[in-house]
Amino acid sequence: MASDRDVFQAPKGTRDVLPPDSSRWMEVIGAFAGRAELYGFGLVMTPIFEHYEVFARLGQSTDVVSKEMYDFVDKAGRRLALRPEGTAGTVRAYAQHRPTPPWKVWYCAPNFRYEAPQEGRYRQHWQLGAEAIGSDDPQIDIEMIDFLDGFYRSLGLRQVKLLINSMGDAETRQRYVAVLLDYWLSNAATLGDEMPRAQLNPLRILDSKRPDWQVIIAAAPKLGDYLSDASAAQFDAVQAGLRSVDVAFEVAPRLVRGFDYYTATVFEFQGLALGGAQNALGGGGRYDKLSAEMGGPQAPAIGFGSGIERLLLACDAEAVLPQSTSSTDVFVIDAIGEPDVAKLLHEIRGGDVRADRSYGSKNLKKQWAAASRSGARFGVMYGEREWAEGNVVVKDLSTAQQIEVARLQVVQWLRDHLK
């Protein structure tokens, strides 16, 4: 017998998702796909790895690029990187293929970051996301936020808070960054060795969760006080639109997103039932310059991402979206070994009824035991007499009551009684 040392394990920071837990993943993905279709989004699938430069657009001052990205040189000497987030690859696809704007797409894909694993966040983690590329209309900002808010509610989540802010335009950024940098320099003793990072990208310090920095972060100048007239008007329009569709929100002056490409609207949904600092369910914002930086046309855009693992933790915390107890409705019992049993199973599945059976010529007792373990509602069995009379036995596995149903009518009978 092999020892534990002989059994391969999943790499650190990754995990296997097995049935029946995977059924919840399917439900979450299906709910997101359905909402995306309602909002006019089509599915996009981009490569799991890209040229390193695609993701370098996230910002060299970000930890994702400087510390966490899985990058490598392939056999032809090209520097590539595994996808750390969904937006950059999607924008690269837009820049390459030039679809008609506005291009509204959604995705479900694994992302990779070399960081310390934590609950709800792994080195390989799965993300649902959507991007709308090619319009600067504030109505699209409203639509994207409404999309994500409604998605969370469709899963049963109620303890969710939406934070919004504006990163402003180029004029705003230039004025605010100068003021903010002066402020960080005046607090250089507190920032210590991280002062060079503050000088490289002053905004990134606002996003820090370090406890010893929170006092100076709270007292930092507010970006909203430096918005240009155009940025302020855009942000006012987004807020008015959210009120019109009954999406509750809170303006968070310190909210910035983690990547350098963001402009104007930024937002984050927090799962209050999770508690603690790691309660972000999803978020995103505008990135109006990224397409041009990828070599594509100037294309204002907005997008968001939401991690599935963290989302399921929030569902657990609110006791919603329970795990499915079974993936089977009907279990077929073979009492006579006739080929028609396989045909019956095929017909039941053809009627959109989930069905399974035992394999390996097991005796009846073991087959009925397997039926009970399957969680199916009904067991369907051919016996010698029933076979001769053209019937089958249908047994309610929760009550043990059974009846005979005509063989040719059993599929419809099952459909009617499983409603």
# chains A, B, ... in the order shown; residues from 1 in each chain; ligands from 1
call {"tool": "residues_around", "arguments": {"residues": "range 173-187 of chain A", "least_positions_apart": "6", "cutoff": "12 Å", "atoms": "only C-alpha atoms", "output": "PyMOL selection string"}}
result
chain A and resi 166-167+193-206+213+215-228+231+254+260-264
call {"tool": "select_by_dssp", "arguments": {"residues": "range 49-282 of chain A", "states": "helix (DSSP H, G or I)", "output": "PyMOL selection string"}}
result
chain A and resi 52-56+63-68+87-97+138-154+170-186+188-200+202-206+211-218+223-226+229-244
call {"tool": "residues_around", "arguments": {"residues": "Val393 in chain A", "least_positions_apart": "6", "cutoff": "7 Å", "atoms": "only C-alpha atoms", "output": "short mmCIF file (atom, residue, chain, number, x, y, z; two decimals) with C-alpha atoms, in the first residue's frame"}}
result
data_model
loop_
_atom_site.label_atom_id
_atom_site.label_comp_id
_atom_site.auth_asym_id
_atom_site.auth_seq_id
_atom_site.Cartn_x
_atom_site.Cartn_y
_atom_site.Cartn_z
CA VAL A 380 -37.20 2.14 -11.37
CA MET A 381 -36.84 -1.65 -11.65
CA TYR A 382 -37.56 -4.37 -14.17
CA GLN A 402 -44.13 1.53 -4.96
CA ILE A 403 -46.45 1.12 -7.93
CA GLU A 404 -46.33 -0.45 -11.37
CA VAL A 405 -46.27 1.82 -14.40
#
call {"tool": "closest_residue", "arguments": {"among": "A:Gln214, A:Ser372, A:Asn165, A:Asn363", "to": "Pro253 in chain A", "atoms": "only C-alpha atoms"}}
result
A:Asn165
call {"tool": "select_by_dssp", "arguments": {"residues": "range 41-186 of chain A", "states": "strand (DSSP E)", "output": "ChimeraX atom specification"}}
result
/A:42-43,49-51,71-73,79-82,103-112,124-133,160-166
call {"tool": "residues_around", "arguments": {"residues": "range 26-37 of chain A", "least_positions_apart": "4", "cutoff": "7 Å", "atoms": "only C-alpha atoms", "output": "PyMOL selection string"}}
result
chain A and resi 22+41-42+106+151
call {"tool": "write_last_selection", "arguments": {"atoms": "N, CA and C atoms", "output": "tab-separated table (two decimals), in the first residue's frame"}}
result
chain	number	residue	atom	x	y	z
A	22	SER	N	-19.24	21.00	-6.52
A	22	SER	CA	-19.15	21.60	-7.85
A	22	SER	C	-20.51	21.99	-8.39
A	41	PHE	N	-24.73	40.73	-23.00
A	41	PHE	CA	-23.30	40.39	-23.02
A	41	PHE	C	-23.10	39.01	-23.64
A	42	GLY	N	-22.07	38.87	-24.46
A	42	GLY	CA	-21.71	37.58	-25.05
A	42	GLY	C	-20.47	37.03	-24.38
A	106	TRP	N	-18.64	38.80	-21.36
A	106	TRP	CA	-18.44	38.27	-20.01
A	106	TRP	C	-17.54	37.05	-20.10
A	151	PHE	N	-27.02	40.34	-9.68
A	151	PHE	CA	-26.47	38.98	-9.64
A	151	PHE	C	-26.33	38.50	-8.21
call {"tool": "closest_residue", "arguments": {"among": "A:Val266, A:Leu157, A:Ile302, A:Ala232", "to": "Glu171 in chain A", "atoms": "only C-alpha atoms"}}
result
A:Ala232
call {"tool": "residues_around", "arguments": {"residues": "Gly305 in chain A", "least_positions_apart": "3", "cutoff": "10 Å", "atoms": "only C-alpha atoms", "output": "compact mmCIF listing (two decimals) with C-alpha atoms, in the first residue's frame"}}
result
# COMPACT_ATOMS: atom_id res chain seq x y z
CA GLU A 85 -6.89 38.96 -13.93
CA GLY A 86 -9.45 39.09 -16.73
CA THR A 87 -9.50 42.64 -18.05
CA TRP A 106 -18.44 38.27 -20.01
CA TYR A 107 -16.10 35.49 -18.95
CA CYS A 108 -15.50 32.79 -16.37
CA TRP A 126 -11.74 31.53 -10.49
CA GLN A 127 -13.27 34.80 -11.53
CA LEU A 128 -16.52 35.85 -13.16
CA GLY A 129 -16.25 39.14 -14.98
CA ALA A 130 -17.72 41.43 -17.61
CA GLU A 131 -16.36 44.24 -19.76
CA LEU A 148 -23.47 42.87 -10.50
CA GLU A 268 -16.48 47.57 -4.83
CA LEU A 281 -16.93 40.15 -3.26
CA GLY A 282 -16.18 41.94 -6.48
CA GLY A 283 -15.51 45.28 -8.05
CA GLY A 284 -14.09 47.19 -10.94
CA GLY A 285 -14.29 50.49 -12.73
CA ILE A 308 -16.21 32.56 -7.14
call {"tool": "closest_residue", "arguments": {"among": "A:Val238, A:Trp103, A:Val410, A:Ser324", "to": "Trp25 in chain A", "atoms": "only C-alpha atoms"}}
result
A:Ser324
call {"tool": "residues_around", "arguments": {"residues": "Arg357 in chain A", "least_positions_apart": "3", "cutoff": "7 Å", "atoms": "only C-alpha atoms", "output": "list in words"}}
result
Phe331, Val332 and Ile333 of chain A
call {"tool": "write_last_selection", "arguments": {"atoms": "N, CA and C atoms", "output": "mmCIF file, in the first residue's frame"}}
result
data_model
loop_
_atom_site.group_PDB
_atom_site.id
_atom_site.type_symbol
_atom_site.label_atom_id
_atom_site.label_comp_id
_atom_site.auth_asym_id
_atom_site.auth_seq_id
_atom_site.Cartn_x
_atom_site.Cartn_y
_atom_site.Cartn_z
ATOM 1 N N PHE A 331 -33.032 6.345 -10.216
ATOM 2 C CA PHE A 331 -32.005 5.299 -10.229
ATOM 3 C C PHE A 331 -32.636 4.033 -10.781
ATOM 4 N N VAL A 332 -32.059 3.504 -11.859
ATOM 5 C CA VAL A 332 -32.611 2.325 -12.537
ATOM 6 C C VAL A 332 -31.970 1.063 -11.974
ATOM 7 N N ILE A 333 -32.813 0.107 -11.583
ATOM 8 C CA ILE A 333 -32.379 -1.167 -11.026
ATOM 9 C C ILE A 333 -32.553 -2.253 -12.072
#
call {"tool": "residues_around", "arguments": {"residues": "range 65-72 of chain A", "least_positions_apart": "5", "cutoff": "9 Å", "atoms": "only C-alpha atoms", "output": "list in words"}}
result
Phe49, Tyr52, Phe55, Ala56, Arg57, Leu58, Gly59, Gln60, Arg78, Arg79, Leu80, Ala81, Leu82, Arg83, Pro84, Phe112, Arg113, Tyr114 and Glu115 of chain A
call {"tool": "write_last_selection", "arguments": {"atoms": "N, CA and C atoms", "output": "PDB file, in the first residue's frame"}}
result
ATOM      1  N   PHE A  49      -2.615  32.200 -20.995  1.00  0.00           N
ATOM      2  CA  PHE A  49      -1.367  32.945 -20.888  1.00  0.00           C
ATOM      3  C   PHE A  49      -1.285  33.932 -22.048  1.00  0.00           C
ATOM      4  N   TYR A  52       3.974  38.753 -21.793  1.00  0.00           N
ATOM      5  CA  TYR A  52       4.172  39.426 -20.506  1.00  0.00           C
ATOM      6  C   TYR A  52       3.730  40.887 -20.552  1.00  0.00           C
ATOM      7  N   PHE A  55       0.083  42.015 -19.526  1.00  0.00           N
ATOM      8  CA  PHE A  55      -0.246  42.170 -18.110  1.00  0.00           C
ATOM      9  C   PHE A  55       0.608  43.225 -17.423  1.00  0.00           C
ATOM     10  N   ALA A  56       1.742  43.561 -18.014  1.00  0.00           N
ATOM     11  CA  ALA A  56       2.561  44.634 -17.446  1.00  0.00           C
ATOM     12  C   ALA A  56       1.808  45.955 -17.468  1.00  0.00           C
ATOM     13  N   ARG A  57       0.768  46.049 -18.351  1.00  0.00           N
ATOM     14  CA  ARG A  57      -0.050  47.260 -18.401  1.00  0.00           C
ATOM     15  C   ARG A  57      -0.838  47.470 -17.113  1.00  0.00           C
ATOM     16  N   LEU A  58      -0.913  46.444 -16.257  1.00  0.00           N
ATOM     17  CA  LEU A  58      -1.598  46.603 -14.979  1.00  0.00           C
ATOM     18  C   LEU A  58      -0.872  47.601 -14.100  1.00  0.00           C
ATOM     19  N   GLY A  59       0.428  47.778 -14.343  1.00  0.00           N
ATOM     20  CA  GLY A  59       1.207  48.749 -13.581  1.00  0.00           C
ATOM     21  C   GLY A  59       2.377  48.109 -12.874  1.00  0.00           C
ATOM     22  N   GLN A  60       3.572  48.557 -13.178  1.00  0.00           N
ATOM     23  CA  GLN A  60       4.775  47.988 -12.570  1.00  0.00           C
ATOM     24  C   GLN A  60       4.839  48.242 -11.066  1.00  0.00           C
ATOM     25  N   ARG A  78      10.350  33.534 -25.785  1.00  0.00           N
ATOM     26  CA  ARG A  78       9.354  34.581 -25.571  1.00  0.00           C
ATOM     27  C   ARG A  78       8.975  34.638 -24.098  1.00  0.00           C
ATOM     28  N   ARG A  79       8.844  35.828 -23.563  1.00  0.00           N
ATOM     29  CA  ARG A  79       8.438  35.986 -22.167  1.00  0.00           C
ATOM     30  C   ARG A  79       6.910  36.031 -22.104  1.00  0.00           C
ATOM     31  N   LEU A  80       6.348  35.078 -21.395  1.00  0.00           N
ATOM     32  CA  LEU A  80       4.906  34.938 -21.279  1.00  0.00           C
ATOM     33  C   LEU A  80       4.506  34.988 -19.808  1.00  0.00           C
ATOM     34  N   ALA A  81       3.218  35.131 -19.553  1.00  0.00           N
ATOM     35  CA  ALA A  81       2.730  35.157 -18.170  1.00  0.00           C
ATOM     36  C   ALA A  81       1.348  34.533 -18.110  1.00  0.00           C
ATOM     37  N   LEU A  82       1.096  33.809 -17.011  1.00  0.00           N
ATOM     38  CA  LEU A  82      -0.249  33.303 -16.763  1.00  0.00           C
ATOM     39  C   LEU A  82      -1.159  34.463 -16.373  1.00  0.00           C
ATOM     40  N   ARG A  83      -2.400  34.361 -16.779  1.00  0.00           N
ATOM     41  CA  ARG A  83      -3.373  35.435 -16.553  1.00  0.00           C
ATOM     42  C   ARG A  83      -3.575  35.700 -15.060  1.00  0.00           C
ATOM     43  N   PRO A  84      -3.285  36.922 -14.552  1.00  0.00           N
ATOM     44  CA  PRO A  84      -3.545  37.246 -13.147  1.00  0.00           C
ATOM     45  C   PRO A  84      -4.918  37.879 -12.930  1.00  0.00           C
ATOM     46  N   PHE A 112      -4.208  33.471 -11.914  1.00  0.00           N
ATOM     47  CA  PHE A 112      -3.061  32.930 -11.188  1.00  0.00           C
ATOM     48  C   PHE A 112      -2.250  34.053 -10.559  1.00  0.00           C
ATOM     49  N   ARG A 113      -2.032  33.949  -9.243  1.00  0.00           N
ATOM     50  CA  ARG A 113      -1.205  34.923  -8.547  1.00  0.00           C
ATOM     51  C   ARG A 113      -0.380  34.216  -7.486  1.00  0.00           C
ATOM     52  N   TYR A 114       0.917  34.505  -7.485  1.00  0.00           N
ATOM     53  CA  TYR A 114       1.807  33.918  -6.491  1.00  0.00           C
ATOM     54  C   TYR A 114       1.748  34.778  -5.236  1.00  0.00           C
ATOM     55  N   GLU A 115       0.788  34.444  -4.362  1.00  0.00           N
ATOM     56  CA  GLU A 115       0.606  35.172  -3.114  1.00  0.00           C
ATOM     57  C   GLU A 115       0.291  34.181  -2.015  1.00  0.00           C
TER      58      GLU A 115
END
call {"tool": "atom_distance", "arguments": {"atom1": "CA of Gln139 in chain A", "atom2": "CA of Val256 in chain A"}}
result
20.9 Å
call {"tool": "atom_distance", "arguments": {"atom1": "CA of Phe267 in chain A", "atom2": "CA of Leu255 in chain A"}}
result
7.6 Å
call {"tool": "decode", "arguments": {"residues": "range 386-413 of chain A", "atoms": "N, CA and C atoms", "output": "PDB file, in the first residue's frame"}}
result
ATOM      1  N   GLU A 386     -42.830  -8.199 -14.229  1.00  0.00           N
ATOM      2  CA  GLU A 386     -43.118  -6.898 -14.830  1.00  0.00           C
ATOM      3  C   GLU A 386     -42.623  -6.839 -16.277  1.00  0.00           C
ATOM      4  N   TRP A 387     -41.476  -7.456 -16.499  1.00  0.00           N
ATOM      5  CA  TRP A 387     -40.940  -7.522 -17.863  1.00  0.00           C
ATOM      6  C   TRP A 387     -41.928  -8.210 -18.785  1.00  0.00           C
ATOM      7  N   ALA A 388     -42.456  -9.335 -18.356  1.00  0.00           N
ATOM      8  CA  ALA A 388     -43.388 -10.106 -19.176  1.00  0.00           C
ATOM      9  C   ALA A 388     -44.678  -9.326 -19.433  1.00  0.00           C
ATOM     10  N   GLU A 389     -45.099  -8.504 -18.447  1.00  0.00           N
ATOM     11  CA  GLU A 389     -46.365  -7.777 -18.574  1.00  0.00           C
ATOM     12  C   GLU A 389     -46.199  -6.382 -19.173  1.00  0.00           C
ATOM     13  N   GLY A 390     -44.978  -6.006 -19.501  1.00  0.00           N
ATOM     14  CA  GLY A 390     -44.745  -4.687 -20.099  1.00  0.00           C
ATOM     15  C   GLY A 390     -44.798  -3.550 -19.112  1.00  0.00           C
ATOM     16  N   ASN A 391     -44.489  -3.815 -17.851  1.00  0.00           N
ATOM     17  CA  ASN A 391     -44.512  -2.786 -16.814  1.00  0.00           C
ATOM     18  C   ASN A 391     -43.132  -2.625 -16.184  1.00  0.00           C
ATOM     19  N   VAL A 392     -43.002  -1.613 -15.350  1.00  0.00           N
ATOM     20  CA  VAL A 392     -41.834  -1.451 -14.496  1.00  0.00           C
ATOM     21  C   VAL A 392     -42.326  -1.112 -13.100  1.00  0.00           C
ATOM     22  N   VAL A 393     -41.496  -1.377 -12.108  1.00  0.00           N
ATOM     23  CA  VAL A 393     -41.795  -0.993 -10.728  1.00  0.00           C
ATOM     24  C   VAL A 393     -41.150   0.364 -10.468  1.00  0.00           C
ATOM     25  N   VAL A 394     -41.943   1.308  -9.965  1.00  0.00           N
ATOM     26  CA  VAL A 394     -41.429   2.613  -9.577  1.00  0.00           C
ATOM     27  C   VAL A 394     -41.581   2.750  -8.066  1.00  0.00           C
ATOM     28  N   LYS A 395     -40.470   2.999  -7.376  1.00  0.00           N
ATOM     29  CA  LYS A 395     -40.473   3.069  -5.920  1.00  0.00           C
ATOM     30  C   LYS A 395     -40.047   4.468  -5.477  1.00  0.00           C
ATOM     31  N   ASP A 396     -40.861   5.085  -4.620  1.00  0.00           N
ATOM     32  CA  ASP A 396     -40.490   6.358  -4.000  1.00  0.00           C
ATOM     33  C   ASP A 396     -39.472   6.049  -2.910  1.00  0.00           C
ATOM     34  N   LEU A 397     -38.242   6.481  -3.101  1.00  0.00           N
ATOM     35  CA  LEU A 397     -37.163   6.102  -2.189  1.00  0.00           C
ATOM     36  C   LEU A 397     -37.244   6.793  -0.835  1.00  0.00           C
ATOM     37  N   SER A 398     -38.066   7.837  -0.714  1.00  0.00           N
ATOM     38  CA  SER A 398     -38.212   8.508   0.573  1.00  0.00           C
ATOM     39  C   SER A 398     -39.300   7.876   1.433  1.00  0.00           C
ATOM     40  N   THR A 399     -40.289   7.226   0.791  1.00  0.00           N
ATOM     41  CA  THR A 399     -41.405   6.620   1.538  1.00  0.00           C
ATOM     42  C   THR A 399     -41.460   5.108   1.409  1.00  0.00           C
ATOM     43  N   ALA A 400     -40.711   4.548   0.470  1.00  0.00           N
ATOM     44  CA  ALA A 400     -40.697   3.113   0.169  1.00  0.00           C
ATOM     45  C   ALA A 400     -41.985   2.632  -0.487  1.00  0.00           C
ATOM     46  N   GLN A 401     -42.899   3.528  -0.823  1.00  0.00           N
ATOM     47  CA  GLN A 401     -44.110   3.132  -1.539  1.00  0.00           C
ATOM     48  C   GLN A 401     -43.771   2.880  -2.999  1.00  0.00           C
ATOM     49  N   GLN A 402     -44.425   1.857  -3.586  1.00  0.00           N
ATOM     50  CA  GLN A 402     -44.131   1.528  -4.964  1.00  0.00           C
ATOM     51  C   GLN A 402     -45.393   1.194  -5.733  1.00  0.00           C
ATOM     52  N   ILE A 403     -45.347   1.446  -7.034  1.00  0.00           N
ATOM     53  CA  ILE A 403     -46.455   1.120  -7.927  1.00  0.00           C
ATOM     54  C   ILE A 403     -45.866   0.559  -9.215  1.00  0.00           C
ATOM     55  N   GLU A 404     -46.753  -0.016 -10.043  1.00  0.00           N
ATOM     56  CA  GLU A 404     -46.332  -0.454 -11.368  1.00  0.00           C
ATOM     57  C   GLU A 404     -46.823   0.556 -12.398  1.00  0.00           C
ATOM     58  N   VAL A 405     -45.948   0.872 -13.331  1.00  0.00           N
ATOM     59  CA  VAL A 405     -46.270   1.816 -14.395  1.00  0.00           C
ATOM     60  C   VAL A 405     -45.957   1.144 -15.727  1.00  0.00           C
ATOM     61  N   ALA A 406     -46.811   1.381 -16.721  1.00  0.00           N
ATOM     62  CA  ALA A 406     -46.573   0.808 -18.044  1.00  0.00           C
ATOM     63  C   ALA A 406     -45.209   1.247 -18.571  1.00  0.00           C
ATOM     64  N   ARG A 407     -44.484   0.296 -19.099  1.00  0.00           N
ATOM     65  CA  ARG A 407     -43.127   0.566 -19.590  1.00  0.00           C
ATOM     66  C   ARG A 407     -43.099   1.739 -20.556  1.00  0.00           C
ATOM     67  N   LEU A 408     -44.065   1.827 -21.462  1.00  0.00           N
ATOM     68  CA  LEU A 408     -44.057   2.864 -22.481  1.00  0.00           C
ATOM     69  C   LEU A 408     -44.491   4.227 -21.947  1.00  0.00           C
ATOM     70  N   GLN A 409     -45.000   4.255 -20.730  1.00  0.00           N
ATOM     71  CA  GLN A 409     -45.485   5.506 -20.159  1.00  0.00           C
ATOM     72  C   GLN A 409     -44.611   6.013 -19.000  1.00  0.00           C
ATOM     73  N   VAL A 410     -43.588   5.255 -18.638  1.00  0.00           N
ATOM     74  CA  VAL A 410     -42.848   5.569 -17.424  1.00  0.00           C
ATOM     75  C   VAL A 410     -42.076   6.891 -17.519  1.00  0.00           C
ATOM     76  N   VAL A 411     -41.563   7.246 -18.710  1.00  0.00           N
ATOM     77  CA  VAL A 411     -40.806   8.494 -18.829  1.00  0.00           C
ATOM     78  C   VAL A 411     -41.715   9.683 -18.537  1.00  0.00           C
ATOM     79  N   GLN A 412     -42.895   9.692 -19.132  1.00  0.00           N
ATOM     80  CA  GLN A 412     -43.826  10.790 -18.886  1.00  0.00           C
ATOM     81  C   GLN A 412     -44.286  10.795 -17.436  1.00  0.00           C
ATOM     82  N   TRP A 413     -44.495   9.595 -16.848  1.00  0.00           N
ATOM     83  CA  TRP A 413     -44.906   9.514 -15.444  1.00  0.00           C
ATOM     84  C   TRP A 413     -43.839  10.150 -14.546  1.00  0.00           C
TER      85      TRP A 413
END
